[in-house]
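A.B. asks: Input structure: query_14.txt, which contains compact mmCIF, C-alpha atoms and all ligand atoms.
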```
# COMPACT_ATOMS: atom_id res chain seq x y z
CA MET D 6 -4.12 -5.54 -36.48
CA ALA D 7 -3.81 -6.91 -32.93
CA ALA D 8 -2.99 -10.37 -34.28
CA GLU D 9 -0.23 -8.93 -36.42
CA MET D 10 1.27 -6.96 -33.53
CA THR D 11 1.28 -9.97 -31.21
CA GLY D 12 2.41 -12.45 -33.87
CA LYS D 13 -0.70 -14.61 -33.56
CA GLU D 14 -2.97 -15.79 -36.37
CA ASP D 15 -6.18 -14.13 -35.31
CA ALA D 16 -7.75 -11.94 -32.63
CA LEU D 17 -11.13 -11.29 -31.07
CA TYR D 18 -12.45 -8.01 -29.64
CA CYS D 19 -14.07 -8.25 -26.19
CA GLY D 20 -15.89 -5.68 -24.10
CA SER D 21 -13.51 -6.05 -21.14
CA GLY D 22 -10.31 -7.76 -20.10
CA THR D 23 -12.28 -9.86 -17.67
CA MET D 24 -14.49 -11.10 -20.46
CA ALA D 25 -11.50 -11.83 -22.69
CA ASN D 26 -9.93 -13.92 -19.90
CA TYR D 27 -13.22 -15.80 -19.30
CA VAL D 28 -13.54 -16.50 -22.98
CA ALA D 29 -9.94 -17.75 -23.07
CA LEU D 30 -10.32 -20.06 -20.07
CA LEU D 31 -13.69 -21.43 -21.13
CA THR D 32 -12.38 -22.07 -24.64
CA HIS D 33 -9.24 -23.83 -23.41
CA CYS D 34 -10.93 -25.89 -20.69
CA LYS D 35 -14.06 -27.80 -19.82
CA ARG D 36 -15.79 -27.87 -16.43
CA GLY D 37 -13.78 -29.74 -13.80
CA GLU D 38 -10.44 -29.41 -15.57
CA LYS D 39 -7.36 -28.15 -13.76
CA VAL D 40 -5.75 -24.79 -14.42
CA LEU D 41 -2.30 -23.89 -13.08
CA VAL D 42 -2.45 -20.29 -11.89
CA GLY D 43 -1.10 -17.86 -9.26
CA THR D 44 -3.15 -17.08 -6.14
CA ASN D 45 -2.41 -13.37 -6.61
CA SER D 46 -3.23 -13.32 -10.29
CA HIS D 47 -6.02 -11.06 -11.45
CA LEU D 48 -7.54 -14.08 -13.17
CA TYR D 49 -7.94 -15.95 -9.92
CA LYS D 50 -8.14 -13.28 -7.28
CA ASN D 51 -10.39 -10.83 -9.04
CA GLU D 52 -12.30 -12.63 -11.74
CA LYS D 53 -13.42 -15.76 -9.86
CA ALA D 54 -16.32 -16.87 -12.09
CA PRO D 55 -14.30 -19.34 -14.17
CA PHE D 56 -13.29 -21.06 -10.93
CA MET D 57 -16.66 -20.91 -9.13
CA LYS D 58 -18.30 -24.31 -8.87
CA ASP D 59 -21.66 -23.16 -10.21
CA TRP D 60 -20.15 -21.06 -13.01
CA GLY D 61 -17.07 -22.06 -14.95
CA GLY D 62 -16.35 -24.96 -12.61
CA LEU D 63 -12.61 -24.98 -13.35
CA ASP D 64 -10.31 -26.40 -10.72
CA PRO D 65 -7.38 -24.12 -9.78
CA VAL D 66 -3.94 -25.53 -8.95
CA PHE D 67 -1.50 -22.97 -7.62
CA PHE D 68 2.13 -22.41 -8.37
CA GLU D 69 4.29 -20.54 -5.85
CA GLU D 70 4.84 -16.88 -6.63
CA ASP D 71 8.00 -14.93 -5.96
CA LYS D 72 7.88 -11.34 -4.66
CA GLN D 73 7.17 -10.10 -8.15
CA GLY D 74 4.29 -12.53 -8.66
CA PHE D 75 6.07 -15.00 -10.92
CA PRO D 76 6.63 -18.74 -10.52
CA ASN D 77 10.00 -20.40 -10.89
CA VAL D 78 10.54 -23.05 -13.49
CA SER D 79 11.20 -25.98 -11.17
CA ASN D 80 8.04 -25.32 -9.14
CA VAL D 81 5.99 -25.18 -12.33
CA GLU D 82 7.59 -28.41 -13.58
CA GLU D 83 6.72 -30.04 -10.28
CA GLU D 84 3.08 -28.90 -10.40
CA LEU D 85 2.76 -29.98 -14.02
CA GLY D 86 4.08 -33.40 -13.04
CA ASN D 87 1.68 -33.82 -10.10
CA ALA D 88 -1.69 -33.26 -11.67
CA ASP D 89 -3.48 -33.45 -14.96
CA ILE D 90 -3.19 -29.76 -15.80
CA LYS D 91 -5.06 -28.52 -18.87
CA LEU D 92 -3.84 -24.92 -18.98
CA MET D 93 -1.22 -22.70 -17.39
CA CYS D 94 -1.90 -18.98 -16.87
CA LEU D 95 0.71 -16.25 -16.53
CA GLU D 96 0.32 -12.51 -16.00
CA ASN D 97 2.56 -9.76 -17.39
CA THR D 98 2.81 -7.10 -16.04
CA HIS D 99 1.69 -8.41 -12.66
CA ASN D 100 -1.11 -6.15 -11.46
CA PHE D 101 -1.33 -6.93 -7.72
CA MET D 102 2.45 -7.11 -7.30
CA GLY D 103 2.73 -3.55 -8.58
CA GLY D 104 3.15 -3.78 -12.34
CA THR D 105 6.25 -5.98 -12.29
CA CYS D 106 7.57 -7.46 -15.54
CA LEU D 107 8.21 -11.07 -16.48
CA SER D 108 11.33 -11.17 -18.67
CA PRO D 109 11.34 -12.89 -22.07
CA GLN D 110 13.90 -15.47 -20.87
CA HIS D 111 11.84 -16.36 -17.80
CA MET D 112 8.64 -16.40 -19.84
CA LYS D 113 10.21 -18.72 -22.42
CA ALA D 114 11.47 -21.15 -19.78
CA LEU D 115 8.02 -21.31 -18.15
CA CYS D 116 6.25 -21.82 -21.47
CA ASP D 117 8.76 -24.47 -22.56
CA ALA D 118 8.10 -26.36 -19.31
CA ALA D 119 4.35 -26.32 -19.99
CA HIS D 120 4.66 -27.22 -23.64
CA LYS D 121 6.92 -30.16 -22.81
CA LYS D 122 3.92 -31.59 -20.97
CA GLY D 123 1.56 -30.68 -23.79
CA VAL D 124 -0.04 -27.92 -21.70
CA PRO D 125 -0.95 -24.67 -23.48
CA VAL D 126 -0.26 -21.26 -21.92
CA HIS D 127 -2.65 -18.34 -21.64
CA LEU D 128 -1.10 -14.97 -20.88
CA ASP D 129 -3.12 -12.34 -19.06
CA GLY D 130 -1.32 -9.49 -20.74
CA ALA D 131 -3.69 -6.72 -19.68
CA ARG D 132 -0.62 -4.44 -19.58
CA ILE D 133 1.67 -6.41 -21.89
CA PHE D 134 2.54 -3.27 -23.86
CA ASN D 135 3.89 -1.72 -20.65
CA ALA D 136 6.04 -4.82 -20.13
CA ALA D 137 7.39 -4.74 -23.69
CA VAL D 138 8.27 -1.05 -23.33
CA TYR D 139 9.93 -1.54 -19.93
CA LEU D 140 11.86 -4.63 -21.01
CA ASN D 141 12.67 -3.05 -24.34
CA VAL D 142 11.79 -6.17 -26.33
CA PRO D 143 9.52 -6.49 -29.37
CA LEU D 144 6.02 -7.46 -28.25
CA GLU D 145 5.92 -10.42 -30.60
CA LYS D 146 9.06 -11.87 -29.06
CA LEU D 147 7.84 -11.31 -25.51
CA VAL D 148 4.57 -13.23 -26.08
CA LYS D 149 5.96 -15.90 -28.38
CA GLY D 150 5.56 -18.74 -25.88
CA ALA D 151 1.95 -17.90 -25.08
CA ASP D 152 -0.56 -19.90 -27.09
CA THR D 153 -3.16 -17.26 -26.34
CA LEU D 154 -3.04 -13.82 -24.77
CA MET D 155 -5.36 -11.05 -23.74
CA PHE D 156 -4.46 -7.38 -23.61
CA CYS D 157 -6.42 -4.26 -22.65
CA LEU D 158 -6.86 -1.34 -25.02
CA SER D 159 -8.07 0.64 -22.03
CA LYS D 160 -5.80 1.31 -19.01
CA GLY D 161 -2.47 2.77 -20.14
CA LEU D 162 -3.38 2.53 -23.80
CA SER D 163 -6.17 5.00 -23.04
CA ALA D 164 -9.04 3.65 -25.15
CA PRO D 165 -12.35 4.14 -23.29
CA VAL D 166 -13.17 0.45 -23.55
CA GLY D 167 -12.10 -2.87 -25.00
CA SER D 168 -9.68 -5.77 -24.81
CA VAL D 169 -8.40 -8.23 -27.37
CA LEU D 170 -7.90 -11.98 -27.19
CA CYS D 171 -5.26 -13.31 -29.58
CA GLY D 172 -4.46 -16.88 -30.65
CA SER D 173 -4.56 -19.39 -33.49
CA ASN D 174 -7.25 -19.33 -36.17
CA GLU D 175 -8.81 -22.46 -34.73
CA PHE D 176 -8.79 -21.14 -31.16
CA ILE D 177 -10.29 -17.79 -32.06
CA ALA D 178 -13.06 -19.46 -34.09
CA GLN D 179 -14.06 -21.40 -30.96
CA ALA D 180 -13.58 -18.37 -28.73
CA ARG D 181 -16.01 -16.44 -30.90
CA GLN D 182 -18.73 -18.95 -29.95
CA VAL D 183 -17.88 -18.69 -26.24
CA ARG D 184 -17.99 -14.90 -26.44
CA LYS D 185 -21.49 -15.19 -27.88
CA LEU D 186 -22.54 -17.45 -24.99
CA LEU D 187 -21.35 -14.79 -22.55
CA GLY D 188 -23.37 -12.09 -24.28
CA GLY D 189 -20.24 -10.51 -25.66
CA THR D 190 -21.20 -10.26 -29.31
CA MET D 191 -21.62 -6.57 -30.11
CA ARG D 192 -23.17 -5.25 -33.30
CA GLN D 193 -21.64 -1.89 -32.38
CA ALA D 194 -18.07 -3.10 -31.91
CA GLY D 195 -16.69 -1.16 -34.87
CA VAL D 196 -17.40 2.19 -33.26
CA ILE D 197 -15.56 1.44 -30.04
CA ALA D 198 -12.82 -0.57 -31.71
CA THR D 199 -11.84 2.57 -33.59
CA ALA D 200 -10.48 4.05 -30.37
CA GLY D 201 -8.39 0.91 -29.94
CA ILE D 202 -6.83 1.45 -33.35
CA VAL D 203 -5.72 4.90 -32.24
CA SER D 204 -4.21 3.32 -29.10
CA LEU D 205 -2.26 0.73 -31.04
CA ASN D 206 -1.10 3.16 -33.70
CA SER D 207 0.00 6.06 -31.57
CA LEU D 208 -0.11 5.47 -27.82
CA VAL D 209 2.25 2.52 -27.31
CA THR D 210 5.63 4.26 -27.38
CA ARG D 211 4.53 7.02 -25.00
CA LEU D 212 3.95 4.46 -22.21
CA GLU D 213 7.55 5.16 -21.24
CA GLU D 214 6.39 8.54 -20.02
CA ASP D 215 3.87 6.86 -17.66
CA HIS D 216 6.68 4.68 -16.29
CA ARG D 217 8.90 7.70 -15.67
CA ASN D 218 6.06 9.47 -13.90
CA ALA D 219 5.23 6.45 -11.73
CA SER D 220 8.87 6.08 -10.78
CA LEU D 221 9.06 9.79 -9.87
CA LEU D 222 5.90 9.47 -7.78
CA ALA D 223 7.33 6.46 -5.95
CA LYS D 224 10.54 8.35 -5.17
CA GLU D 225 8.71 11.47 -4.00
CA ILE D 226 6.62 9.37 -1.60
CA ALA D 227 9.51 7.17 -0.47
CA ARG D 228 11.63 10.25 0.27
CA LYS D 229 9.39 11.08 3.25
CA GLY D 230 9.52 7.53 4.58
CA HIS D 231 5.95 7.55 5.87
CA VAL D 232 4.85 4.41 4.08
CA GLN D 233 6.65 1.35 2.82
CA ILE D 234 7.40 1.43 -0.82
CA GLU D 235 9.77 -0.64 -2.88
CA VAL D 236 10.95 1.91 -5.39
CA GLU D 237 12.81 -0.68 -7.45
CA LYS D 238 9.56 -2.59 -7.92
CA THR D 239 7.96 0.42 -9.58
CA GLN D 240 8.89 -0.72 -13.05
CA THR D 241 5.88 0.37 -15.06
CA ASN D 242 2.80 2.54 -14.42
CA ILE D 243 1.72 1.18 -11.03
CA VAL D 244 2.87 2.40 -7.63
CA LYS D 245 2.04 -0.06 -4.89
CA LEU D 246 1.92 1.34 -1.37
CA ASP D 247 2.17 -0.95 1.60
CA LEU D 248 0.44 0.50 4.69
CA SER D 249 0.82 -2.55 6.94
CA GLN D 250 3.39 -0.75 9.13
CA THR D 251 1.25 2.36 9.65
CA LYS D 252 -1.35 3.06 12.33
CA PHE D 253 -4.07 3.85 9.84
CA SER D 254 -5.97 1.75 7.34
CA ALA D 255 -5.95 2.03 3.59
CA LYS D 256 -9.60 3.02 3.77
CA GLU D 257 -8.93 5.99 6.09
CA LEU D 258 -6.12 7.24 3.91
CA GLU D 259 -8.08 6.70 0.71
CA GLN D 260 -10.91 8.86 2.07
CA LEU D 261 -8.62 11.64 3.28
CA LEU D 262 -6.72 11.68 -0.01
CA PHE D 263 -10.01 11.95 -1.86
CA ASP D 264 -11.09 14.85 0.36
CA ASN D 265 -7.73 16.54 -0.29
CA GLY D 266 -8.05 16.12 -4.06
CA LEU D 267 -6.23 12.89 -4.89
CA LYS D 268 -8.16 9.86 -6.06
CA VAL D 269 -6.40 6.53 -5.47
CA LYS D 270 -7.47 2.90 -5.50
CA ARG D 271 -7.63 0.81 -2.35
CA VAL D 272 -6.79 -2.76 -3.28
CA SER D 273 -6.91 -4.29 0.21
CA ASP D 274 -6.87 -3.20 3.88
CA HIS D 275 -3.15 -2.45 3.69
CA TYR D 276 -2.52 -1.70 0.10
CA LEU D 277 -3.19 1.36 -2.04
CA ARG D 278 -2.53 1.53 -5.73
CA LEU D 279 -1.63 4.63 -7.70
CA THR D 280 -1.41 4.50 -11.47
CA THR D 281 -0.25 6.90 -14.14
CA TYR D 282 -1.57 7.34 -17.64
CA ARG D 283 -1.67 9.70 -20.61
CA GLU D 284 -3.43 12.61 -18.93
CA ILE D 285 -1.09 12.79 -15.94
CA GLN D 286 1.95 15.01 -16.45
CA GLU D 287 5.07 15.56 -14.41
CA ASP D 288 3.73 18.59 -12.52
CA ASP D 289 0.67 16.51 -11.55
CA ILE D 290 3.08 14.01 -10.02
CA TYR D 291 4.63 16.62 -7.74
CA ARG D 292 1.17 17.82 -6.76
CA ALA D 293 -0.03 14.27 -6.10
CA ALA D 294 3.05 13.46 -4.02
CA ALA D 295 2.58 16.66 -1.98
CA ILE D 296 -1.09 15.85 -1.29
CA PHE D 297 -0.12 12.32 -0.40
CA ASN D 298 2.67 13.23 1.98
CA GLU D 299 0.67 16.00 3.66
CA SER D 300 -2.34 13.73 4.07
CA VAL D 301 -0.25 11.03 5.71
CA GLU D 302 1.21 13.61 8.10
CA GLU D 303 -2.31 14.87 8.85
CA LEU D 304 -3.45 11.34 9.70
CA GLU D 305 -0.40 10.63 11.84
CA GLU D 306 -0.92 13.87 13.74
CA LYS D 307 -4.58 13.00 14.33
CA ILE D 308 -3.58 9.60 15.70
CA ARG D 309 -0.89 11.17 17.92
CA VAL D 310 -3.45 13.56 19.40
CA SER D 311 -6.07 10.89 20.01
CA ASP D 312 -3.44 8.59 21.54
CA GLY D 313 -2.83 11.41 24.02
C1 LIG Z 401 -7.47 -4.86 -15.56
C2 LIG Z 401 -7.03 -6.26 -15.65
C3 LIG Z 401 -7.87 -7.26 -16.13
C4 LIG Z 401 -9.32 -7.02 -16.47
O1 LIG Z 401 -9.58 -6.03 -17.39
P1 LIG Z 401 -10.99 -5.22 -17.32
O2 LIG Z 401 -11.04 -4.55 -18.64
O3 LIG Z 401 -10.89 -4.30 -16.17
O4 LIG Z 401 -12.07 -6.24 -17.15
C5 LIG Z 401 -7.37 -8.53 -16.21
N1 LIG Z 401 -6.12 -8.82 -15.84
C6 LIG Z 401 -5.27 -7.89 -15.38
C7 LIG Z 401 -3.88 -8.27 -15.02
C8 LIG Z 401 -5.70 -6.58 -15.26
O5 LIG Z 401 -4.86 -5.65 -14.78
```
Written as C-alpha cells, how would this file's structure read?
C.D. replies:
Amino acid sequence: MAAEMTGKEDALYCGSGTMANYVALLTHCKRGEKVLVGTNSHLYKNEKAPFMKDWGGLDPVFFEEDKQGFPNVSNVEEELGNADIKLMCLENTHNFMGGTCLSPQHMKALCDAAHKKGVPVHLDGARIFNAAVYLNVPLEKLVKGADTLMFCLSKGLSAPVGSVLCGSNEFIAQARQVRKLLGGTMRQAGVIATAGIVSLNSLVTRLEEDHRNASLLAKEIARKGHVQIEVEKTQTNIVKLDLSQTKFSAKELEQLLFDNGLKVKRVSDHYLRLTTYREIQEDDIYRAAAIFNESVEELEEKIRVSDG
C-alpha cells in the first residue's frame, strides 16, 4: 500500500523512522563511503550512528543549507564534483528548520544533479505527507526523484508506531536483510501495521487542519512580540520559536510552560518546538497561546524584579 502511494516498487515496515533511515543508509552504502547530507538534517544531527566511526562508519560531506534547510543546485553540483559521493540525502519537510517544504521543482533539480553523477538520492520524508498537502502536489510526483524514501506513520499521521522505507524491489530485498541485522524484524508487525493502514486511508487529507492550527498558533504568539517567530515559515504542523533574543533559556520556559499546563519540546538552548496533530483543536490553540504568552510575561516579570 505504501509502495503504491509513493510510486515505488516495494516497501518495508520499520519500528521507527530512525531505524528506517539507518536501514536505508546502510543498504545504500558501505563503511567509509561518503554521504552528502545537511548538517541540520535529522539524519545527521539526531541519528548519528550511521556516521559514528565505530558504528556505521559512513563519512559525511555537507552541502550548504538555506534558511529553510535546503541546498541549492549549484552547491550540490560542486560537492558532487569534489568527492566520490555514494549517496545524497534530502529531508522534506525539514524538521529542525520548522517543518519547511521542499518544492517539487527544487527537489527535481537536486535529484537530477545527483543522478547525472550516478548518485542515488534518499529522502528522509518523515513528514512527506505534510509537504504534499501543503504544496498541493500528488505524493508520487513529489517523491519521484528519490530512489528511496522513508516516511513516518506516527507523528501527524497519528499511528502509535511505525515508519516505512520505500524503494525498488532489489533495494527493499537488501534492506530487509539490513533490518534483520538491526534487530528490526518483528513477528508482530501485522498488529501495529494495521494502525498505519488507518493513517494512510483516512488521516492524510486532514493534515491541512494541523497546518491551519499551527499557523494560528504562530500568529497568536507572534502578535505579542515576546519571542522571535517567522510566521511565514510556519508552513506545516511545526511552530519553531527562537528564544535567542530573550533573557531566559528554553529550558526555563519549557519548565514554566509545563507547570502552567502546556507541554512543549525543547530542541536546543534557544529553540522550542510546538507541533499540532489530530487531537488538538482550534480552541486548544487559543488556550495554548494564552498559556504561552502569560508564561513568557511571568518570566520577564521575574527577571525584571531580580534585575532590580
Ligand atoms: C521524527 C523524524 C525521524 C525519526 O523518526 P522516529 O520514528 O522518531 O525514529 C527522522 N527524520 C525526521 C525528519 C523526523 O522528523
A.B. asks: Using only C-alpha atoms and all ligand atoms, tabulate the residues of chain D lying at most 6 Å from any atom of ligand LIG 401 (chain Z), each with its closest atom pair and that distance in Å to one decimal, by chain and increasing residue number, as CSV.
C.D. replies:
```
residue,atom,partner,partner_atom,distance
D:Ser21,CA,Z:LIG401,O2,3.8
D:Gly22,CA,Z:LIG401,O1,3.3
D:Thr23,CA,Z:LIG401,O4,3.7
D:His47,CA,Z:LIG401,N1,4.9
D:Asn100,CA,Z:LIG401,C7,5.0
D:Asp129,CA,Z:LIG401,N1,5.6
D:Ala131,CA,Z:LIG401,C6,4.7
```
A.B. asks: What's the separation between atom CA of Pro65 of chain D and atom CA of Ala151 of chain D, in Å to one decimal place?
C.D. replies: 19.0 Å
A.B. asks: Closest to Thr280 of chain D among D:Gly161, D:Gly266, D:Gly188, D:Gly86, using only C-alpha atoms?
C.D. replies: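 For Thr280 of chain D, the nearest of the given residues is D:Gly161.
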A.B. asks: Return the single residue from D:Lys53, D:Arg211, D:Lys149, D:Arg217 that is closest to Phe134 of chain D, with distances computed using only C-alpha atoms.
C.D. replies: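 Using only C-alpha atoms, the shortest distance to Phe134 of chain D belongs to D:Arg211.
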A.B. asks: My list of candidates is D:Gly230, D:Val301, D:Asp117, D:Ala16. Which is closest to Glu175 of chain D when distances are computed with all atoms listed in the file?
C.D. replies: D:Ala16
A.B. asks: Check the smallest atom-to-atom distance from each of D:Cys106, D:Ala114, D:Leu246, D:Leu277 to Gln260 of chain D using all atoms listed in the file, then report the winner.
C.D. replies: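 Of D:Cys106, D:Ala114, D:Leu246, D:Leu277, the one nearest Gln260 of chain D is D:Leu277, counting all atoms listed in the file.
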A.B. asks: Within 9 Å of segment 68-83 of chain D, counting all atoms listed in the file, which residues show up once you throw out same-chain ones fewer than 6 positions away? Write them as a PyMOL selection string, please.
C.D. replies: chain D and resi 41-46+95-96+99-107+111+114-115+118-119+122+238
A.B. asks: Separation of atom CA of Leu140 of chain D and atom CA of Leu279 of chain D, in Å?
C.D. replies: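 It comes out at 21.1 Å.
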A.B. asks: Could you pull segment 161-187 of chain D out of the block above and save it with N, CA, C and O atoms, as a compact mmCIF listing (two decimals), in the first residue's frame?
C.D. replies:
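File selection35.txt, as written:
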```txt
# COMPACT_ATOMS: atom_id res chain seq x y z
N GLY D 161 2.25 13.27 12.59
CA GLY D 161 0.95 13.79 12.15
C GLY D 161 -0.02 12.73 11.67
O GLY D 161 -1.24 12.92 11.75
N LEU D 162 0.49 11.63 11.16
CA LEU D 162 -0.43 10.59 10.67
C LEU D 162 -1.02 9.76 11.80
O LEU D 162 -1.86 8.88 11.57
N SER D 163 -0.54 10.01 13.03
CA SER D 163 -1.25 9.56 14.24
C SER D 163 -1.22 8.08 14.59
O SER D 163 -1.86 7.66 15.54
N ALA D 164 -0.51 7.25 13.81
CA ALA D 164 -0.38 5.85 14.23
C ALA D 164 0.50 5.84 15.49
O ALA D 164 1.37 6.69 15.65
N PRO D 165 0.28 4.88 16.39
CA PRO D 165 1.10 4.87 17.62
C PRO D 165 2.57 4.58 17.33
O PRO D 165 3.45 4.96 18.10
N VAL D 166 2.85 3.91 16.23
CA VAL D 166 4.22 3.48 15.97
C VAL D 166 4.37 3.16 14.48
O VAL D 166 3.39 2.91 13.79
N GLY D 167 5.60 3.20 14.00
CA GLY D 167 5.89 2.68 12.68
C GLY D 167 6.28 3.67 11.62
O GLY D 167 5.81 4.82 11.60
N SER D 168 7.19 3.24 10.75
CA SER D 168 7.65 4.02 9.61
C SER D 168 7.84 3.07 8.45
O SER D 168 7.98 1.86 8.66
N VAL D 169 7.88 3.61 7.25
CA VAL D 169 8.00 2.75 6.07
C VAL D 169 9.13 3.24 5.18
O VAL D 169 9.27 4.43 4.95
N LEU D 170 9.94 2.28 4.74
CA LEU D 170 11.00 2.58 3.78
C LEU D 170 10.55 2.08 2.41
O LEU D 170 10.13 0.92 2.29
N CYS D 171 10.61 2.96 1.40
CA CYS D 171 10.13 2.58 0.07
C CYS D 171 11.27 2.66 -0.95
O CYS D 171 12.14 3.53 -0.84
N GLY D 172 11.23 1.78 -1.94
CA GLY D 172 12.27 1.80 -2.98
C GLY D 172 12.02 0.72 -4.01
O GLY D 172 10.91 0.17 -4.09
N SER D 173 13.06 0.39 -4.76
CA SER D 173 12.92 -0.64 -5.80
C SER D 173 12.83 -2.02 -5.16
O SER D 173 13.20 -2.21 -4.00
N ASN D 174 12.37 -2.99 -5.94
CA ASN D 174 12.30 -4.37 -5.45
C ASN D 174 13.66 -4.85 -4.95
O ASN D 174 13.77 -5.44 -3.87
N GLU D 175 14.68 -4.57 -5.74
CA GLU D 175 16.02 -5.03 -5.41
C GLU D 175 16.52 -4.38 -4.12
O GLU D 175 17.07 -5.04 -3.24
N PHE D 176 16.28 -3.07 -4.00
CA PHE D 176 16.73 -2.34 -2.82
C PHE D 176 16.03 -2.85 -1.55
O PHE D 176 16.67 -3.10 -0.52
N ILE D 177 14.74 -3.02 -1.65
CA ILE D 177 13.98 -3.44 -0.47
C ILE D 177 14.36 -4.87 -0.05
O ILE D 177 14.42 -5.19 1.15
N ALA D 178 14.69 -5.72 -1.02
CA ALA D 178 15.13 -7.08 -0.68
C ALA D 178 16.41 -7.03 0.15
O ALA D 178 16.55 -7.74 1.16
N GLN D 179 17.32 -6.14 -0.24
CA GLN D 179 18.57 -5.98 0.54
C GLN D 179 18.28 -5.32 1.89
O GLN D 179 18.85 -5.69 2.92
N ALA D 180 17.41 -4.33 1.87
CA ALA D 180 17.07 -3.59 3.09
C ALA D 180 16.47 -4.53 4.14
O ALA D 180 16.69 -4.37 5.34
N ARG D 181 15.72 -5.50 3.66
CA ARG D 181 15.11 -6.47 4.58
C ARG D 181 16.19 -7.20 5.39
O ARG D 181 16.03 -7.46 6.59
N GLN D 182 17.32 -7.51 4.75
CA GLN D 182 18.43 -8.18 5.44
C GLN D 182 19.07 -7.24 6.47
O GLN D 182 19.44 -7.65 7.56
N VAL D 183 19.22 -5.97 6.08
CA VAL D 183 19.83 -4.99 7.00
C VAL D 183 18.91 -4.77 8.21
O VAL D 183 19.38 -4.71 9.35
N ARG D 184 17.63 -4.70 7.95
CA ARG D 184 16.67 -4.55 9.06
C ARG D 184 16.83 -5.71 10.05
O ARG D 184 16.79 -5.53 11.26
N LYS D 185 17.03 -6.90 9.53
CA LYS D 185 17.20 -8.06 10.40
C LYS D 185 18.47 -7.93 11.25
O LYS D 185 18.45 -8.21 12.45
N LEU D 186 19.54 -7.43 10.60
CA LEU D 186 20.80 -7.22 11.35
C LEU D 186 20.61 -6.24 12.51
O LEU D 186 21.27 -6.34 13.53
N LEU D 187 19.72 -5.26 12.30
CA LEU D 187 19.50 -4.24 13.34
C LEU D 187 18.46 -4.69 14.37
O LEU D 187 18.07 -3.92 15.23
```
